[in-house]
Every structure is written in structure tokens, then in C-alpha cells.
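Q: Below you'll find start-v9.pdb; it's PDB, C-alpha atoms.
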ATOM      1  CA  PRO K 880     124.801 180.013 147.275
ATOM      2  CA  ASN K 881     127.343 177.547 145.818
ATOM      3  CA  ILE K 882     127.861 173.849 146.385
ATOM      4  CA  LEU K 883     130.683 171.755 144.986
ATOM      5  CA  GLN K 884     131.101 168.011 145.247
ATOM      6  CA  LYS K 885     134.209 166.335 143.898
ATOM      7  CA  ALA K 886     135.209 162.703 143.401
ATOM      8  CA  VAL K 887     138.769 161.647 142.577
ATOM      9  CA  GLN K 888     140.189 158.278 141.579
ATOM     10  CA  GLY K 889     143.778 158.151 140.366
ATOM     11  CA  ASN K 890     144.129 160.936 137.800
ATOM     12  CA  ASN K 891     140.361 161.045 137.141
ATOM     13  CA  THR K 892     138.168 163.752 138.636
ATOM     14  CA  ILE K 893     134.438 164.441 138.439
ATOM     15  CA  SER K 894     132.945 167.493 140.117
ATOM     16  CA  VAL K 895     129.457 168.914 140.382
ATOM     17  CA  GLY K 896     128.948 172.600 141.102
ATOM     18  CA  VAL K 897     125.643 174.287 141.853
ATOM     19  CA  ARG K 898     124.946 178.018 141.786
ATOM     20  CA  GLU K 899     121.580 179.570 142.531
ATOM     21  CA  ILE K 900     120.492 182.556 140.464
ATOM     22  CA  PRO K 901     118.406 185.143 142.308
ATOM     23  CA  ALA K 902     114.778 184.949 141.148
ATOM     24  CA  GLU K 903     114.776 188.572 140.002
ATOM     25  CA  TYR K 904     117.382 187.703 137.349
ATOM     26  CA  SER K 905     115.707 184.640 135.894
ATOM     27  CA  ASP K 906     112.461 182.853 135.218
ATOM     28  CA  GLU K 907     111.980 179.530 137.027
ATOM     29  CA  THR K 908     111.047 177.908 133.715
ATOM     30  CA  ALA K 909     114.191 179.162 131.930
ATOM     31  CA  THR K 910     116.691 176.682 130.541
ATOM     32  CA  ILE K 911     120.267 177.303 129.488
ATOM     33  CA  LYS K 912     118.960 177.877 125.946
ATOM     34  CA  ASP K 913     116.986 180.883 127.231
ATOM     35  CA  VAL K 914     120.086 182.390 128.823
ATOM     36  CA  MET K 915     122.606 181.919 125.992
ATOM     37  CA  SER K 916     123.034 180.309 122.609
ATOM     38  CA  LEU K 917     125.277 177.296 122.126
ATOM     39  CA  ALA K 918     127.826 179.518 120.320
ATOM     40  CA  GLU K 919     127.815 182.026 123.218
ATOM     41  CA  PHE K 920     128.283 179.169 125.692
ATOM     42  CA  LYS K 921     131.213 177.726 123.735
ATOM     43  CA  ASP K 922     132.868 181.133 123.371
ATOM     44  CA  SER K 923     132.443 182.039 127.060
ATOM     45  CA  ILE K 924     133.820 178.694 128.269
ATOM     46  CA  LEU K 925     136.771 178.840 125.890
ATOM     47  CA  GLU K 926     137.549 182.439 126.854
ATOM     48  CA  GLY K 927     137.443 181.612 130.566
ATOM     49  CA  VAL K 928     139.553 178.481 130.188
ATOM     50  CA  GLN K 929     142.149 180.218 127.981
ATOM     51  CA  GLU K 930     142.389 183.055 130.502
ATOM     52  CA  LYS K 931     143.201 180.633 133.310
ATOM     53  CA  PHE K 932     145.150 178.126 131.174
ATOM     54  CA  PRO K 933     146.921 179.838 128.247
ATOM     55  CA  GLY K 934     147.279 177.307 125.451
ATOM     56  CA  ALA K 935     143.908 175.642 126.107
ATOM     57  CA  LYS K 936     142.236 174.190 123.010
ATOM     58  CA  LEU K 937     138.588 173.538 122.218
ATOM     59  CA  LEU K 938     138.144 169.921 121.124
ATOM     60  CA  ASP K 939     134.360 169.667 120.702
ATOM     61  CA  TYR K 940     131.060 171.065 121.969
ATOM     62  CA  GLY K 941     127.348 170.483 121.591
ATOM     63  CA  GLU K 942     123.896 170.243 123.066
ATOM     64  CA  THR K 943     122.242 167.293 124.781
ATOM     65  CA  LYS K 944     119.905 166.586 127.707
ATOM     66  CA  LEU K 945     120.570 165.480 131.251
ATOM     67  CA  ASP K 946     117.554 164.345 133.239
ATOM     68  CA  ASN K 947     115.420 165.599 130.304
ATOM     69  CA  VAL K 948     116.772 169.160 130.728
ATOM     70  CA  SER K 949     118.516 171.028 127.894
ATOM     71  CA  THR K 950     122.248 170.929 128.522
ATOM     72  CA  TYR K 951     125.286 172.377 126.761
ATOM     73  CA  TRP K 952     128.643 170.616 126.853
ATOM     74  CA  VAL K 953     132.220 171.358 125.866
ATOM     75  CA  LYS K 954     135.410 169.291 125.677
ATOM     76  CA  TYR K 955     138.772 171.032 125.920
ATOM     77  CA  SER K 956     142.424 170.325 126.643
ATOM     78  CA  ALA K 957     144.609 172.594 128.749
ATOM     79  CA  PRO K 958     148.175 172.675 130.039
ATOM     80  CA  TYR K 959     148.634 172.847 133.796
ATOM     81  CA  SER K 960     151.743 173.566 135.867
ATOM     82  CA  ALA K 961     152.286 173.264 139.604
ATOM     83  CA  LEU K 962     155.719 173.414 141.189
ATOM     84  CA  ASP K 963     157.955 171.453 138.780
ATOM     85  CA  ILE K 964     155.113 169.397 137.304
ATOM     86  CA  ASN K 965     153.700 170.124 133.849
ATOM     87  CA  VAL K 966     150.740 168.120 132.534
ATOM     88  CA  GLU K 967     148.157 168.312 129.777
ATOM     89  CA  GLY K 968     144.603 167.598 130.889
ATOM     90  CA  THR K 969     141.379 167.079 128.994
ATOM     91  CA  ASN K 970     138.004 167.997 130.482
ATOM     92  CA  LEU K 971     134.404 167.415 129.544
ATOM     93  CA  GLN K 972     131.999 169.952 131.039
ATOM     94  CA  TYR K 973     128.189 169.985 131.023
ATOM     95  CA  GLN K 974     126.079 172.961 132.104
ATOM     96  CA  LEU K 975     122.345 173.207 132.601
ATOM     97  CA  LEU K 976     119.874 175.583 134.211
ATOM     98  CA  HIS K 977     116.810 174.309 136.052
ATOM     99  CA  LYS K 978     114.527 176.358 138.339
ATOM    100  CA  ASN K 979     117.037 179.215 138.764
ATOM    101  CA  ILE K 980     119.883 176.840 139.585
ATOM    102  CA  PHE K 981     122.918 176.395 137.342
ATOM    103  CA  TYR K 982     124.529 172.950 137.469
ATOM    104  CA  PHE K 983     128.137 172.495 136.295
ATOM    105  CA  ILE K 984     129.386 168.945 135.852
ATOM    106  CA  THR K 985     133.036 168.521 134.904
ATOM    107  CA  ALA K 986     134.994 165.319 134.319
ATOM    108  CA  GLY K 987     138.656 165.197 133.403
ATOM    109  CA  THR K 988     141.976 163.450 133.470
ATOM    110  CA  LEU K 989     145.381 163.549 131.834
ATOM    111  CA  SER K 990     145.010 163.975 128.071
ATOM    112  CA  ARG K 991     146.875 160.726 127.379
ATOM    113  CA  GLU K 992     144.303 158.850 129.529
ATOM    114  CA  PHE K 993     141.166 160.696 128.442
ATOM    115  CA  SER K 994     140.047 158.450 125.568
ATOM    116  CA  SER K 995     140.021 155.392 127.838
ATOM    117  CA  SER K 996     138.275 157.285 130.682
ATOM    118  CA  GLU K 997     135.684 159.158 128.600
ATOM    119  CA  PRO K 998     133.138 156.291 128.353
ATOM    120  CA  GLU K 999     133.105 155.925 132.159
ATOM    121  CA  PHE K1000     132.827 159.699 132.599
ATOM    122  CA  LYS K1001     129.811 159.793 130.287
ATOM    123  CA  LYS K1002     128.229 156.808 132.025
ATOM    124  CA  SER K1003     128.603 158.559 135.397
ATOM    125  CA  ILE K1004     127.351 161.908 134.104
ATOM    126  CA  ALA K1005     124.316 160.219 132.519
ATOM    127  CA  THR K1006     123.178 159.207 136.018
ATOM    128  CA  PHE K1007     122.793 162.867 137.048
ATOM    129  CA  VAL K1008     119.289 163.535 138.363
ATOM    130  CA  ILE K1009     117.844 166.794 139.632
ATOM    131  CA  GLU K1010     116.196 166.274 143.008
ATOM    132  CA  ASN K1011     113.235 168.563 143.716
ATOM    133  CA  TYR K1012     112.888 168.852 147.471
TER     134      TYR K1012
END
Show this structure as C-alpha cells.
A:
Amino acid sequence: PNILQKAVQGNNTISVGVREIPAEYSDETATIKDVMSLAEFKDSILEGVQEKFPGAKLLDYGETKLDNVSTYWVKYSAPYSALDINVEGTNLQYQLLHKNIFYFITAGTLSREFSSSEPEFKKSIATFVIENY
């Protein structure tokens, strides 16, 4: 029901998650705009991120298209601690719904490196194509 692919280079990470929605809960022609408004998307992402990473901050959000499919996106920063390491990361996440499948694409790195990595993240994310087998 869920697939996750992840690519890491240095401090940079891009991951793609896929989650199928049972047909009885959705219409195969539905897009993310049919499921929630942009404001609802932003609020739900921020709430989830702040729950997991107290101190997380919303930096920006909006609507675009990936592979000609309506897509919502959000950019946020969040503190992260593991063992004795404390870092601040910034993530860019895109979500879309196509034929009962949710796609989650997230790219992130250390906040101090994000501005230099963001153009490459966007270039990589722009290559996303939905394959219909």
C-alpha cells in the first residue's frame, strides 16, 4: 500500500512516497484540490510537522502542477535532535493525487545550505512523471 524511495547526497535528501487510497473513498478523477483546499493542506502539514518537531516554522506554501497534475507544496524549517546532535533543517514538500494514489515528494537539507540546494531540488522534482502501467 505504501512505497518510499529515498536518495541522499551529503546533507541533501529527496524522497518520494506513494500511498494508494481505496477506490471506495475516492474518485479516480479526483485531484488534491477535490480532497482539500490549499489552506487545509497548509494547516494539516504544519500541524503534523509541529507535532513531530516542536518549533517548526512555515516558510511558504502554494499551488503548482507536476506532470500537468494539480499539486500543493509547502516549505518549512524544523529543529531536529538525535543523540548529542542538534540541527535545523528546511524541507520542501509537494503532494498530489492522481487516480486514487497520493504522491509525496520531499526535498530537504540543513537550513544553512537550503538556499544553495533549492534550485537543484526544484530541477529534480520538476522531472517527476506519473507512469501509468
Q: For Lys944 of chain K, which residue among K:Ser894, K:Asn1011, K:Thr1006, K:Gln884 is the nearest when counting all atoms listed in the file?
A: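 With all atoms listed in the file as the atom set, the closest residue is K:Thr1006.
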Q: Starting from the PyMOL selection byres ((chain K and resi 1007) around 10), expand the selection into actual residues of this file and give them as an MDAnalysis selection string.
A: chainID K and resid 895 945:946 984 1002:1006 1008:1010
Q: Given the choices K:Ile900, K:Phe920, K:Lys885, K:Thr892, which gets closest to Ala986 of chain K if the distance is worked out from only C-alpha atoms?
A: K:Thr892
Q: How would you write, as a PyMOL selection string, the residues chosen by the PyMOL selection byres ((chain K and resi 948-961) around 8) on this structure?
A: chain K and resi 910-912+917+920-921+924+928+932-947+962-977+990
Q: Keeping C-alpha atoms, export the residues of the selection given above as a JSON list (two decimals), in the coordinates of the input.
A:
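File part-v3.json, as written:
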[["chain", "number", "residue", "atom", "x", "y", "z"],
["K", 910, "THR", "CA", 116.69, 176.68, 130.54],
["K", 911, "ILE", "CA", 120.27, 177.30, 129.49],
["K", 912, "LYS", "CA", 118.96, 177.88, 125.95],
["K", 917, "LEU", "CA", 125.28, 177.30, 122.13],
["K", 920, "PHE", "CA", 128.28, 179.17, 125.69],
["K", 921, "LYS", "CA", 131.21, 177.73, 123.74],
["K", 924, "ILE", "CA", 133.82, 178.69, 128.27],
["K", 928, "VAL", "CA", 139.55, 178.48, 130.19],
["K", 932, "PHE", "CA", 145.15, 178.13, 131.17],
["K", 933, "PRO", "CA", 146.92, 179.84, 128.25],
["K", 934, "GLY", "CA", 147.28, 177.31, 125.45],
["K", 935, "ALA", "CA", 143.91, 175.64, 126.11],
["K", 936, "LYS", "CA", 142.24, 174.19, 123.01],
["K", 937, "LEU", "CA", 138.59, 173.54, 122.22],
["K", 938, "LEU", "CA", 138.14, 169.92, 121.12],
["K", 939, "ASP", "CA", 134.36, 169.67, 120.70],
["K", 940, "TYR", "CA", 131.06, 171.06, 121.97],
["K", 941, "GLY", "CA", 127.35, 170.48, 121.59],
["K", 942, "GLU", "CA", 123.90, 170.24, 123.07],
["K", 943, "THR", "CA", 122.24, 167.29, 124.78],
["K", 944, "LYS", "CA", 119.90, 166.59, 127.71],
["K", 945, "LEU", "CA", 120.57, 165.48, 131.25],
["K", 946, "ASP", "CA", 117.55, 164.34, 133.24],
["K", 947, "ASN", "CA", 115.42, 165.60, 130.30],
["K", 962, "LEU", "CA", 155.72, 173.41, 141.19],
["K", 963, "ASP", "CA", 157.96, 171.45, 138.78],
["K", 964, "ILE", "CA", 155.11, 169.40, 137.30],
["K", 965, "ASN", "CA", 153.70, 170.12, 133.85],
["K", 966, "VAL", "CA", 150.74, 168.12, 132.53],
["K", 967, "GLU", "CA", 148.16, 168.31, 129.78],
["K", 968, "GLY", "CA", 144.60, 167.60, 130.89],
["K", 969, "THR", "CA", 141.38, 167.08, 128.99],
["K", 970, "ASN", "CA", 138.00, 168.00, 130.48],
["K", 971, "LEU", "CA", 134.40, 167.42, 129.54],
["K", 972, "GLN", "CA", 132.00, 169.95, 131.04],
["K", 973, "TYR", "CA", 128.19, 169.98, 131.02],
["K", 974, "GLN", "CA", 126.08, 172.96, 132.10],
["K", 975, "LEU", "CA", 122.34, 173.21, 132.60],
["K", 976, "LEU", "CA", 119.87, 175.58, 134.21],
["K", 977, "HIS", "CA", 116.81, 174.31, 136.05],
["K", 990, "SER", "CA", 145.01, 163.98, 128.07]]
Q: If I take atom CA of Ile980 of chain K and atom CA of Gly927 of chain K, how far is one from the other in Å, to one decimal?
A: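 Atom CA of Gly927 of chain K lies at a distance of 20.3 Å from atom CA of Ile980 of chain K.
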Q: What does the structure give for the distance between atom CA of Gly889 of chain K and atom CA of Phe983 of chain K, in Å to one decimal?
A: 21.6 Å
Q: Let me have the centre and edge lengths in Å, one decimal, of the box along x, y and z around every listed atom of segment 922-928 of chain K with 4 Å of margin on each side, as AutoDock Vina command-line options.
A:
--center_x 136.0 --center_y 180.5 --center_z 127.0 --size_x 15.1 --size_y 12.0 --size_z 15.2
Q: In Å, rounded to a single decimal, give me how far atom CA of Ser996 of chain K is from atom CA of Glu926 of chain K.
A: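 These atoms are spaced 25.5 Å apart.
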Q: Starting from the shown file, work through the PyMOL selection byres ((chain K and resi 899) around 9) and note down what comes out as a ChimeraX atom specification.
A: /K:880-881,897-898,900-902,978-982
Q: At most 12 Å from (136.3, 153.8, 133.8), file frame, all atoms listed in the file: which residues, as a ChimeraX atom specification?
A: /K:888-893,986-988,992-1003
